[in-house]
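What's in model-v8.txt: compact mmCIF, C-alpha atoms and all ligand atoms
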```txt
# COMPACT_ATOMS: atom_id res chain seq x y z
CA MET X 1 81.06 164.74 106.49
CA ILE X 2 78.91 163.50 103.63
CA LYS X 3 75.14 163.26 104.00
CA TYR X 4 73.34 160.60 101.97
CA ILE X 5 69.71 160.81 100.90
CA CYS X 6 68.30 157.72 99.24
CA ALA X 7 65.09 158.40 97.32
CA LYS X 8 62.62 155.84 96.03
CA ASP X 9 63.14 156.64 92.35
CA GLU X 10 64.60 159.25 90.00
CA TYR X 11 61.52 161.48 90.31
CA GLU X 12 61.77 161.60 94.09
CA ALA X 13 65.55 162.14 93.85
CA GLY X 14 65.00 165.05 91.43
CA SER X 15 62.37 166.63 93.70
CA CYS X 16 64.61 166.23 96.72
CA ALA X 17 67.55 167.89 94.93
CA ALA X 18 65.26 170.71 93.74
CA ARG X 19 64.02 171.30 97.27
CA ILE X 20 67.60 171.54 98.57
CA PHE X 21 68.41 174.16 95.91
CA ALA X 22 65.13 176.01 96.63
CA GLU X 23 65.92 176.18 100.33
CA ILE X 24 69.32 177.72 99.61
CA ILE X 25 67.87 180.24 97.14
CA ASN X 26 65.02 181.12 99.48
CA SER X 27 67.48 181.91 102.24
CA LYS X 28 69.78 183.88 99.90
CA SER X 29 67.97 185.46 96.96
CA ASP X 30 71.21 186.32 95.13
CA ALA X 31 72.71 182.86 95.56
CA VAL X 32 75.30 181.61 93.08
CA ILE X 33 74.25 178.18 91.87
CA GLY X 34 76.47 175.79 89.96
CA LEU X 35 74.59 173.78 87.35
CA ALA X 36 75.20 170.55 85.48
CA THR X 37 73.86 168.92 82.33
CA GLY X 38 73.14 165.36 81.24
CA SER X 39 70.12 163.14 81.81
CA THR X 40 70.43 163.05 85.58
CA PRO X 41 69.36 166.64 86.46
CA LEU X 42 66.33 166.69 84.13
CA LYS X 43 63.81 165.73 86.84
CA MET X 44 65.34 168.23 89.22
CA TYR X 45 65.11 171.03 86.66
CA ALA X 46 61.49 170.11 85.88
CA LYS X 47 60.72 170.40 89.59
CA LEU X 48 62.48 173.77 89.87
CA VAL X 49 60.45 175.02 86.89
CA GLU X 50 57.25 173.86 88.59
CA MET X 51 58.25 175.52 91.88
CA CYS X 52 59.05 178.78 90.06
CA LYS X 53 55.70 178.71 88.23
CA ASN X 54 53.96 178.19 91.60
CA SER X 55 55.90 181.15 93.05
CA GLU X 56 57.60 178.91 95.59
CA ILE X 57 60.98 180.14 94.38
CA SER X 58 62.39 183.04 92.36
CA PHE X 59 65.63 183.17 90.37
CA LYS X 60 65.37 186.91 89.77
CA ASN X 61 68.63 187.70 91.53
CA VAL X 62 70.26 184.29 91.20
CA ILE X 63 73.52 183.85 89.30
CA SER X 64 74.24 180.52 87.64
CA VAL X 65 77.49 179.02 86.44
CA ASN X 66 77.69 175.84 84.39
CA LEU X 67 80.38 173.23 84.59
CA ASP X 68 81.22 172.60 80.97
CA GLU X 69 80.53 172.85 77.26
CA TYR X 70 81.51 170.90 74.16
CA ILE X 71 84.17 172.49 71.97
CA GLY X 72 82.83 173.21 68.50
CA LEU X 73 79.09 173.32 69.13
CA GLN X 74 77.32 176.65 68.63
CA PRO X 75 75.01 177.67 71.50
CA SER X 76 72.15 177.12 69.02
CA HIS X 77 73.17 173.47 68.40
CA ASP X 78 70.61 171.21 70.02
CA GLN X 79 73.31 169.16 71.78
CA SER X 80 75.24 172.14 73.15
CA TYR X 81 74.95 172.63 76.88
CA ALA X 82 73.93 176.26 76.33
CA TYR X 83 70.91 174.93 74.41
CA PHE X 84 70.26 172.25 77.05
CA MET X 85 70.16 174.83 79.84
CA ARG X 86 67.94 177.19 77.89
CA GLU X 87 65.45 174.50 76.92
CA ASN X 88 65.33 172.61 80.21
CA LEU X 89 65.56 175.43 82.71
CA PHE X 90 66.38 179.02 81.84
CA LYS X 91 63.54 179.81 79.43
CA HIS X 92 60.96 178.52 81.92
CA ILE X 93 62.12 180.45 85.00
CA ASP X 94 62.56 184.11 85.92
CA ILE X 95 66.38 184.11 85.82
CA ASN X 96 68.08 187.05 84.09
CA PRO X 97 69.91 185.53 81.07
CA ASP X 98 72.77 187.99 81.73
CA ASN X 99 73.31 186.20 85.03
CA THR X 100 73.78 182.76 83.47
CA PHE X 101 77.33 181.74 82.63
CA ILE X 102 78.45 178.81 80.49
CA PRO X 103 81.85 178.31 78.88
CA ASN X 104 81.88 179.28 75.21
CA GLY X 105 82.63 176.23 73.07
CA VAL X 106 83.12 178.22 69.88
CA SER X 107 85.57 180.93 70.89
CA GLN X 108 88.41 181.77 68.50
CA ASP X 109 90.94 180.87 71.14
CA ASP X 110 90.16 178.04 73.55
CA LEU X 111 92.91 178.89 76.01
CA SER X 112 91.76 182.52 76.30
CA GLU X 113 88.25 181.21 76.84
CA CYS X 114 89.52 179.15 79.80
CA ASP X 115 91.08 182.32 81.24
CA ARG X 116 87.90 184.28 80.59
CA TYR X 117 85.79 181.66 82.37
CA ASN X 118 88.17 181.51 85.33
CA ASN X 119 87.88 185.29 85.58
CA VAL X 120 84.08 185.07 85.47
CA LEU X 121 84.17 182.55 88.33
CA GLU X 122 86.60 184.72 90.26
CA LYS X 123 84.44 187.81 89.82
CA ILE X 124 81.23 186.07 90.81
CA GLY X 125 82.80 184.89 94.04
CA GLY X 126 82.00 181.64 95.79
CA VAL X 127 79.46 179.19 94.44
CA ASP X 128 76.84 178.60 97.15
CA VAL X 129 75.84 175.20 95.89
CA GLN X 130 77.29 173.17 93.05
CA LEU X 131 75.26 170.43 91.41
CA LEU X 132 77.27 167.48 90.10
CA GLY X 133 76.39 164.39 88.15
CA ILE X 134 78.83 161.52 87.85
CA GLY X 135 80.01 159.76 84.70
CA HIS X 136 80.25 155.98 84.45
CA ASN X 137 84.02 156.43 84.51
CA GLY X 138 83.88 158.64 87.60
CA HIS X 139 84.22 161.96 85.81
CA ILE X 140 82.80 165.11 87.36
CA ALA X 141 82.07 167.90 84.92
CA PHE X 142 84.23 166.80 81.95
CA ASN X 143 87.24 166.05 84.16
CA GLU X 144 88.08 162.64 82.78
CA PRO X 145 90.22 159.93 84.40
CA ASN X 146 93.81 161.11 84.19
CA SER X 147 97.14 161.01 86.00
CA PHE X 148 96.42 164.32 87.75
CA PHE X 149 93.53 166.38 89.12
CA THR X 150 92.81 169.56 87.14
CA LYS X 151 92.78 172.82 89.06
CA ASP X 152 91.19 175.46 86.85
CA THR X 153 89.00 175.60 83.78
CA SER X 154 90.76 173.72 81.00
CA ILE X 155 90.38 172.06 77.63
CA VAL X 156 89.90 168.32 77.95
CA ASP X 157 89.93 165.40 75.56
CA LEU X 158 86.84 163.34 76.13
CA SER X 159 87.47 159.71 77.00
CA GLU X 160 86.21 156.89 74.82
CA SER X 161 83.78 155.93 77.58
CA THR X 162 82.25 159.44 77.67
CA ILE X 163 82.05 159.61 73.87
CA ASN X 164 80.26 156.25 73.87
CA ALA X 165 77.91 157.27 76.70
CA ASN X 166 77.01 160.59 75.08
CA SER X 167 76.65 159.21 71.55
CA ARG X 168 73.04 158.38 72.50
CA PHE X 169 72.22 162.07 72.04
CA PHE X 170 73.84 162.37 68.58
CA ILE X 171 72.95 160.90 65.18
CA SER X 172 76.18 158.91 65.18
CA LYS X 173 79.19 158.46 67.44
CA ASN X 174 81.24 160.42 64.90
CA ASP X 175 79.17 163.51 65.62
CA VAL X 176 80.12 163.59 69.32
CA PRO X 177 82.68 166.37 69.89
CA ARG X 178 86.05 165.01 70.99
CA ARG X 179 86.95 167.94 73.21
CA ALA X 180 85.28 170.08 75.82
CA ILE X 181 85.96 173.00 78.09
CA SER X 182 85.46 172.11 81.72
CA MET X 183 85.60 173.75 85.11
CA GLY X 184 88.54 172.25 86.98
CA ILE X 185 88.24 170.04 90.01
CA GLY X 186 90.11 172.60 92.13
CA ARG X 187 87.35 175.11 91.34
CA ILE X 188 84.59 172.64 92.07
CA LEU X 189 86.08 171.92 95.49
CA ARG X 190 85.91 175.63 96.31
CA SER X 191 82.07 175.59 96.27
CA LYS X 192 80.47 176.09 99.66
CA ARG X 193 78.19 173.11 99.18
CA ILE X 194 78.09 170.23 96.72
CA LEU X 195 75.03 168.25 95.76
CA LEU X 196 75.99 165.07 93.94
CA LEU X 197 73.01 163.57 92.15
CA ALA X 198 73.05 160.03 90.78
CA THR X 199 70.25 157.85 89.51
CA GLY X 200 69.96 154.42 87.96
CA GLU X 201 71.61 151.05 88.43
CA SER X 202 74.39 151.89 85.98
CA LYS X 203 75.81 154.45 88.44
CA ALA X 204 75.76 152.15 91.49
CA LYS X 205 79.30 150.79 91.21
CA ILE X 206 81.07 154.02 90.33
CA LEU X 207 79.17 155.91 93.02
CA GLU X 208 80.33 153.48 95.69
CA GLU X 209 83.87 153.31 94.33
CA SER X 210 84.13 157.11 94.21
CA LEU X 211 82.86 157.72 97.72
CA PHE X 212 84.40 154.76 99.53
CA GLY X 213 87.32 153.59 97.41
CA ARG X 214 90.84 154.85 96.78
CA ILE X 215 91.29 158.53 96.07
CA THR X 216 92.88 158.69 92.66
CA PRO X 217 92.71 160.91 89.56
CA GLN X 218 91.82 157.73 87.68
CA ILE X 219 88.44 158.18 89.39
CA PRO X 220 88.06 161.98 89.44
CA ALA X 221 84.97 161.94 91.71
CA SER X 222 87.00 160.17 94.42
CA ILE X 223 88.56 163.54 95.31
CA LEU X 224 85.17 164.46 96.77
CA GLN X 225 86.17 162.36 99.81
CA PHE X 226 88.61 165.18 100.62
CA TYR X 227 86.01 167.92 100.16
CA GLN X 228 85.81 170.16 103.20
CA GLY X 229 82.42 171.80 102.63
CA GLU X 230 78.91 170.48 103.10
CA MET X 231 78.23 167.63 100.70
CA ILE X 232 74.94 165.89 100.08
CA VAL X 233 74.64 162.84 97.87
CA VAL X 234 71.12 162.39 96.57
CA GLY X 235 70.32 159.24 94.66
CA ASP X 236 67.63 156.73 93.95
CA LYS X 237 67.63 153.19 95.33
CA ALA X 238 69.14 151.83 92.13
CA ALA X 239 72.15 154.16 92.20
CA PHE X 240 72.56 153.55 95.92
CA SER X 241 72.33 149.76 95.65
CA GLU X 242 76.07 149.09 96.13
CA ILE X 243 76.26 151.57 99.02
CA ILE X 244 73.19 149.99 100.63
CA LYS X 245 74.87 146.58 100.31
CA ASN X 246 78.36 147.50 101.50
CA HIS X 247 77.96 150.63 103.65
CA PRO X 248 74.42 150.54 105.09
CA GLU X 249 75.59 152.52 108.13
CA VAL X 250 75.75 155.78 106.15
CA LEU X 251 72.07 155.72 105.23
P1 LIG F 1 74.28 161.63 82.77
O1 LIG F 1 75.73 162.25 82.77
O2 LIG F 1 73.49 162.45 83.74
O3 LIG F 1 73.78 161.83 81.35
O4 LIG F 1 74.41 160.22 83.17
C1 LIG F 1 76.34 162.50 83.98
C2 LIG F 1 77.75 162.94 83.73
O5 LIG F 1 78.34 162.51 82.72
O6 LIG F 1 78.28 163.73 84.52
```

Let me see the file written as structure tokens.
Ligand code: PGA
Amino acid sequence: MIKYICAKDEYEAGSCAARIFAEIINSKSDAVIGLATGSTPLKMYAKLVEMCKNSEISFKNVISVNLDEYIGLQPSHDQSYAYFMRENLFKHIDINPDNTFIPNGVSQDDLSECDRYNNVLEKIGGVDVQLLGIGHNGHIAFNEPNSFFTKDTSIVDLSESTINANSRFFISKNDVPRRAISMGIGRILRSKRILLLATGESKAKILEESLFGRITPQIPASILQFYQGEMIVVGDKAAFSEIIKNHPEVL
């Protein structure tokens, strides 16, 4: 059963997602939270920072796991996801940096790094709530459209559509890494709860297609229709516009 929350705009959607995370952390101080990167979660992270500064929430005992990282970018590179997390969340909250886990994009051996990350996830135990964004091509984490669904953490080739979408953060398209290390879809589906966050008109079609269309690895997010845990989709009116038009009964 999927719950839909349609917010007025991206600020309200971010606040709503932050409040859902805060509620989970406040009821379990050592919660394991799954985090995502990209433009979409920025408002949510800003709200979590504000709540932490106002002592409405503490991350002291929280463990975080991230979905993915570019291959080849040092954690100090300003487009690495390690840097993103530090700048947009971790350095502003009371989380213990030793309790934050992100795949290493510059390991000597990418396949061993996948094993290491799977072991980290195994050792941490279940993720209490996993945040997901959605790509324009329906990817979740960096699990790109393919002929199969990935199970565990793996090395992925980024699709042309993702490279184009993410080139906005780099000086030129040529600077966008071509590969990434990504938590597998099988792992994501093992989270106790999933919060899918989507904002903006450009996500409207893929959001509807993923949640109401055919379930196919060509649209990785479509597998979420089979998810057995508690799933909440939080979006703004723009991202929900196709769902509002074609499936108003769910709202
Ligand atoms: P975005 O990326 O938040 O920058 O749109 C989402 C994603 O690719 O998962």

Tell me, counting only C-alpha atoms, for each residue of stretch 41-114 of chain X within 10 Å of stretch 129-150 of chain X, which pair of atoms is nearest and how far apart they are in Å to one decimal, in rows ordered by chain and increasing number, as a Markdown table.
```
| residue | atom | partner | partner_atom | distance |
| --- | --- | --- | --- | --- |
| X:Pro41 | CA | X:Gly133 | CA | 7.6 |
| X:Ser64 | CA | X:Gln130 | CA | 9.6 |
| X:Val65 | CA | X:Gln130 | CA | 8.8 |
| X:Asn66 | CA | X:Gln130 | CA | 9.1 |
| X:Leu67 | CA | X:Ala141 | CA | 5.6 |
| X:Asp68 | CA | X:Ala141 | CA | 6.2 |
| X:Glu69 | CA | X:Phe142 | CA | 8.5 |
| X:Tyr70 | CA | X:Phe142 | CA | 9.2 |
```

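Using all atoms listed in the file, the shortest contact distance between ligand LIG 1 (chain F) and any of X:Asn99, X:Ser58, X:Gln225, X:Thr37 is found at X:Thr37.
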
### Query
Do you know which residues are at most 10 Å from stretch 229-231 of chain X counting only C-alpha atoms, after dropping those on the same chain fewer than 3 positions away, and could you put them as a count of residues only?
18

### Task
Would you list the contacts of stretch 7-10 of chain X as a list in words, taking every protein, DNA or RNA residue within 10 Å and counting all atoms listed in the file, but skipping same-chain residues closer than 6 positions in sequence?
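Surrounding residues, per the criterion: Cys16, Thr40, Pro41, Leu42, Lys43, Met44, Leu197, Ala198, Thr199, Gly200, Val234, Gly235, Asp236, Lys237, Ala238, Ala239 and Phe240 of chain X.
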
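Separating atom CA of X:Lys203 from atom CA of X:Asn88 is a distance of 22.5 Å.
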
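Compared by their closest atoms to X:Phe59, and using all atoms listed in the file, the residues X:Phe90, X:Tyr83, X:Tyr45, X:Phe169 rank with X:Phe90 nearest.
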
### Query
When you draw a straight line from atom CA of X:Ala31 to atom CA of X:Val62, how long is it in Å?
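Separating atom CA of X:Ala31 from atom CA of X:Val62 is a distance of 5.2 Å.
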
### Query
Taking all atoms listed in the file into account, which of X:Val250, X:Ala165, X:Ile124, X:Ile102 comes nearest ligand LIG 1 (chain F)?
X:Ala165

Proximity check stretch 101-189 of chain X to stretch 72-78 of chain X, 10 Å, nearest pairs one decimal Å, only C-alpha atoms, as a tab-separated table:
```
residue	atom	partner	partner_atom	distance
X:Ile102	CA	X:Pro75	CA	9.7
X:Asn104	CA	X:Pro75	CA	8.0
X:Gly105	CA	X:Gly72	CA	5.5
X:Val106	CA	X:Gly72	CA	5.2
X:Ser107	CA	X:Gly72	CA	8.5
X:Phe169	CA	X:Asp78	CA	9.5
X:Phe170	CA	X:Asp78	CA	9.5
X:Val176	CA	X:Leu73	CA	9.8
X:Pro177	CA	X:Gly72	CA	7.0
X:Arg178	CA	X:Gly72	CA	9.2
X:Arg179	CA	X:Gly72	CA	8.2
X:Ala180	CA	X:Gly72	CA	8.3
```

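Summary of the local environment: counting all atoms listed in the file, residues at most 8 Å from X:Leu89, other than itself and those fewer than 6 positions away along its chain, are X:Tyr45, X:Ala46, X:Leu48, X:Val49.
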
Show me as an mmCIF file with C-alpha atoms, in the coordinates of the input the residues that reach within 7 Å of (59.9, 170.3, 93.0), counting only C-alpha atoms and using the file's own coordinates.
```
data_model
loop_
_atom_site.group_PDB
_atom_site.id
_atom_site.type_symbol
_atom_site.label_atom_id
_atom_site.label_comp_id
_atom_site.auth_asym_id
_atom_site.auth_seq_id
_atom_site.Cartn_x
_atom_site.Cartn_y
_atom_site.Cartn_z
ATOM 1 C CA SER X 15 62.370 166.630 93.700
ATOM 2 C CA ALA X 18 65.260 170.710 93.740
ATOM 3 C CA ARG X 19 64.020 171.300 97.270
ATOM 4 C CA MET X 44 65.340 168.230 89.220
ATOM 5 C CA LYS X 47 60.720 170.400 89.590
ATOM 6 C CA LEU X 48 62.480 173.770 89.870
ATOM 7 C CA GLU X 50 57.250 173.860 88.590
ATOM 8 C CA MET X 51 58.250 175.520 91.880
#
```

### Task
Tell me which of X:Ser241, X:Ser80, X:Thr100, X:Ser39 sits closest to ligand LIG 1 (chain F), counting all atoms listed in the file.
X:Ser39

If I only have part of stretch 133-144 of chain X, can you fill in all heavy atoms and write it as a PDB file, in the frame of the given file?
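Result saved to selection-v2.pdb:
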```
ATOM      1  N   GLY X 133      76.764 165.751  88.506  1.00  0.00           N
ATOM      2  CA  GLY X 133      76.390 164.390  88.150  1.00  0.00           C
ATOM      3  C   GLY X 133      77.681 163.580  88.223  1.00  0.00           C
ATOM      4  O   GLY X 133      78.739 164.105  88.592  1.00  0.00           O
ATOM      5  N   ILE X 134      77.598 162.332  87.879  1.00  0.00           N
ATOM      6  CA  ILE X 134      78.830 161.520  87.850  1.00  0.00           C
ATOM      7  C   ILE X 134      78.803 160.654  86.589  1.00  0.00           C
ATOM      8  O   ILE X 134      77.756 160.082  86.240  1.00  0.00           O
ATOM      9  CB  ILE X 134      78.972 160.681  89.149  1.00  0.00           C
ATOM     10  CG1 ILE X 134      80.304 159.928  89.158  1.00  0.00           C
ATOM     11  CG2 ILE X 134      77.809 159.727  89.353  1.00  0.00           C
ATOM     12  CD1 ILE X 134      80.661 159.318  90.517  1.00  0.00           C
ATOM     13  N   GLY X 135      79.933 160.601  85.899  1.00  0.00           N
ATOM     14  CA  GLY X 135      80.010 159.760  84.700  1.00  0.00           C
ATOM     15  C   GLY X 135      80.253 158.304  85.091  1.00  0.00           C
ATOM     16  O   GLY X 135      80.685 158.019  86.210  1.00  0.00           O
ATOM     17  N   HIS X 136      80.011 157.406  84.149  1.00  0.00           N
ATOM     18  CA  HIS X 136      80.250 155.980  84.450  1.00  0.00           C
ATOM     19  C   HIS X 136      81.716 155.712  84.742  1.00  0.00           C
ATOM     20  O   HIS X 136      82.067 154.728  85.380  1.00  0.00           O
ATOM     21  CB  HIS X 136      79.783 155.116  83.276  1.00  0.00           C
ATOM     22  CG  HIS X 136      78.303 155.172  83.086  1.00  0.00           C
ATOM     23  ND1 HIS X 136      77.710 155.892  82.083  1.00  0.00           N
ATOM     24  CD2 HIS X 136      77.292 154.636  83.809  1.00  0.00           C
ATOM     25  CE1 HIS X 136      76.391 155.789  82.184  1.00  0.00           C
ATOM     26  NE2 HIS X 136      76.119 155.036  83.222  1.00  0.00           N
ATOM     27  N   ASN X 137      82.573 156.594  84.255  1.00  0.00           N
ATOM     28  CA  ASN X 137      84.020 156.430  84.510  1.00  0.00           C
ATOM     29  C   ASN X 137      84.475 157.278  85.700  1.00  0.00           C
ATOM     30  O   ASN X 137      85.655 157.412  85.946  1.00  0.00           O
ATOM     31  CB  ASN X 137      84.823 156.809  83.254  1.00  0.00           C
ATOM     32  CG  ASN X 137      84.602 158.262  82.837  1.00  0.00           C
ATOM     33  OD1 ASN X 137      83.902 159.010  83.519  1.00  0.00           O
ATOM     34  ND2 ASN X 137      85.214 158.657  81.737  1.00  0.00           N
ATOM     35  N   GLY X 138      83.524 157.860  86.411  1.00  0.00           N
ATOM     36  CA  GLY X 138      83.880 158.640  87.600  1.00  0.00           C
ATOM     37  C   GLY X 138      84.182 160.095  87.303  1.00  0.00           C
ATOM     38  O   GLY X 138      84.640 160.824  88.186  1.00  0.00           O
ATOM     39  N   HIS X 139      83.919 160.543  86.065  1.00  0.00           N
ATOM     40  CA  HIS X 139      84.220 161.960  85.810  1.00  0.00           C
ATOM     41  C   HIS X 139      83.221 162.869  86.513  1.00  0.00           C
ATOM     42  O   HIS X 139      82.075 162.495  86.766  1.00  0.00           O
ATOM     43  CB  HIS X 139      84.331 162.268  84.305  1.00  0.00           C
ATOM     44  CG  HIS X 139      83.049 162.316  83.546  1.00  0.00           C
ATOM     45  ND1 HIS X 139      82.999 162.229  82.172  1.00  0.00           N
ATOM     46  CD2 HIS X 139      81.762 162.467  83.936  1.00  0.00           C
ATOM     47  CE1 HIS X 139      81.749 162.329  81.774  1.00  0.00           C
ATOM     48  NE2 HIS X 139      80.980 162.466  82.813  1.00  0.00           N
ATOM     49  N   ILE X 140      83.703 164.053  86.894  1.00  0.00           N
ATOM     50  CA  ILE X 140      82.800 165.110  87.360  1.00  0.00           C
ATOM     51  C   ILE X 140      83.075 166.308  86.464  1.00  0.00           C
ATOM     52  O   ILE X 140      84.217 166.606  86.157  1.00  0.00           O
ATOM     53  CB  ILE X 140      82.946 165.446  88.873  1.00  0.00           C
ATOM     54  CG1 ILE X 140      84.394 165.522  89.323  1.00  0.00           C
ATOM     55  CG2 ILE X 140      82.165 164.471  89.720  1.00  0.00           C
ATOM     56  CD1 ILE X 140      84.578 165.931  90.780  1.00  0.00           C
ATOM     57  N   ALA X 141      82.014 167.001  86.052  1.00  0.00           N
ATOM     58  CA  ALA X 141      82.070 167.900  84.920  1.00  0.00           C
ATOM     59  C   ALA X 141      82.676 167.057  83.791  1.00  0.00           C
ATOM     60  O   ALA X 141      82.383 165.859  83.688  1.00  0.00           O
ATOM     61  CB  ALA X 141      82.849 169.164  85.230  1.00  0.00           C
ATOM     62  N   PHE X 142      83.585 167.639  82.974  1.00  0.00           N
ATOM     63  CA  PHE X 142      84.230 166.800  81.950  1.00  0.00           C
ATOM     64  C   PHE X 142      85.668 166.494  82.373  1.00  0.00           C
ATOM     65  O   PHE X 142      86.545 166.332  81.540  1.00  0.00           O
ATOM     66  CB  PHE X 142      84.182 167.480  80.588  1.00  0.00           C
ATOM     67  CG  PHE X 142      82.997 167.107  79.749  1.00  0.00           C
ATOM     68  CD1 PHE X 142      82.347 168.058  78.980  1.00  0.00           C
ATOM     69  CD2 PHE X 142      82.533 165.798  79.694  1.00  0.00           C
ATOM     70  CE1 PHE X 142      81.260 167.727  78.178  1.00  0.00           C
ATOM     71  CE2 PHE X 142      81.444 165.446  78.904  1.00  0.00           C
ATOM     72  CZ  PHE X 142      80.803 166.413  78.144  1.00  0.00           C
ATOM     73  N   ASN X 143      85.907 166.429  83.670  1.00  0.00           N
ATOM     74  CA  ASN X 143      87.240 166.050  84.160  1.00  0.00           C
ATOM     75  C   ASN X 143      87.345 164.537  84.095  1.00  0.00           C
ATOM     76  O   ASN X 143      86.799 163.831  84.941  1.00  0.00           O
ATOM     77  CB  ASN X 143      87.453 166.578  85.577  1.00  0.00           C
ATOM     78  CG  ASN X 143      87.446 168.088  85.609  1.00  0.00           C
ATOM     79  OD1 ASN X 143      88.371 168.727  85.127  1.00  0.00           O
ATOM     80  ND2 ASN X 143      86.373 168.668  86.151  1.00  0.00           N
ATOM     81  N   GLU X 144      88.019 164.069  83.068  1.00  0.00           N
ATOM     82  CA  GLU X 144      88.080 162.640  82.780  1.00  0.00           C
ATOM     83  C   GLU X 144      89.201 161.968  83.594  1.00  0.00           C
ATOM     84  O   GLU X 144      90.110 162.654  84.086  1.00  0.00           O
ATOM     85  CB  GLU X 144      88.374 162.440  81.283  1.00  0.00           C
ATOM     86  CG  GLU X 144      87.332 163.051  80.356  1.00  0.00           C
ATOM     87  CD  GLU X 144      86.042 162.229  80.283  1.00  0.00           C
ATOM     88  OE1 GLU X 144      85.686 161.529  81.245  1.00  0.00           O
ATOM     89  OE2 GLU X 144      85.380 162.326  79.234  1.00  0.00           O
TER      90      GLU X 144
END
```
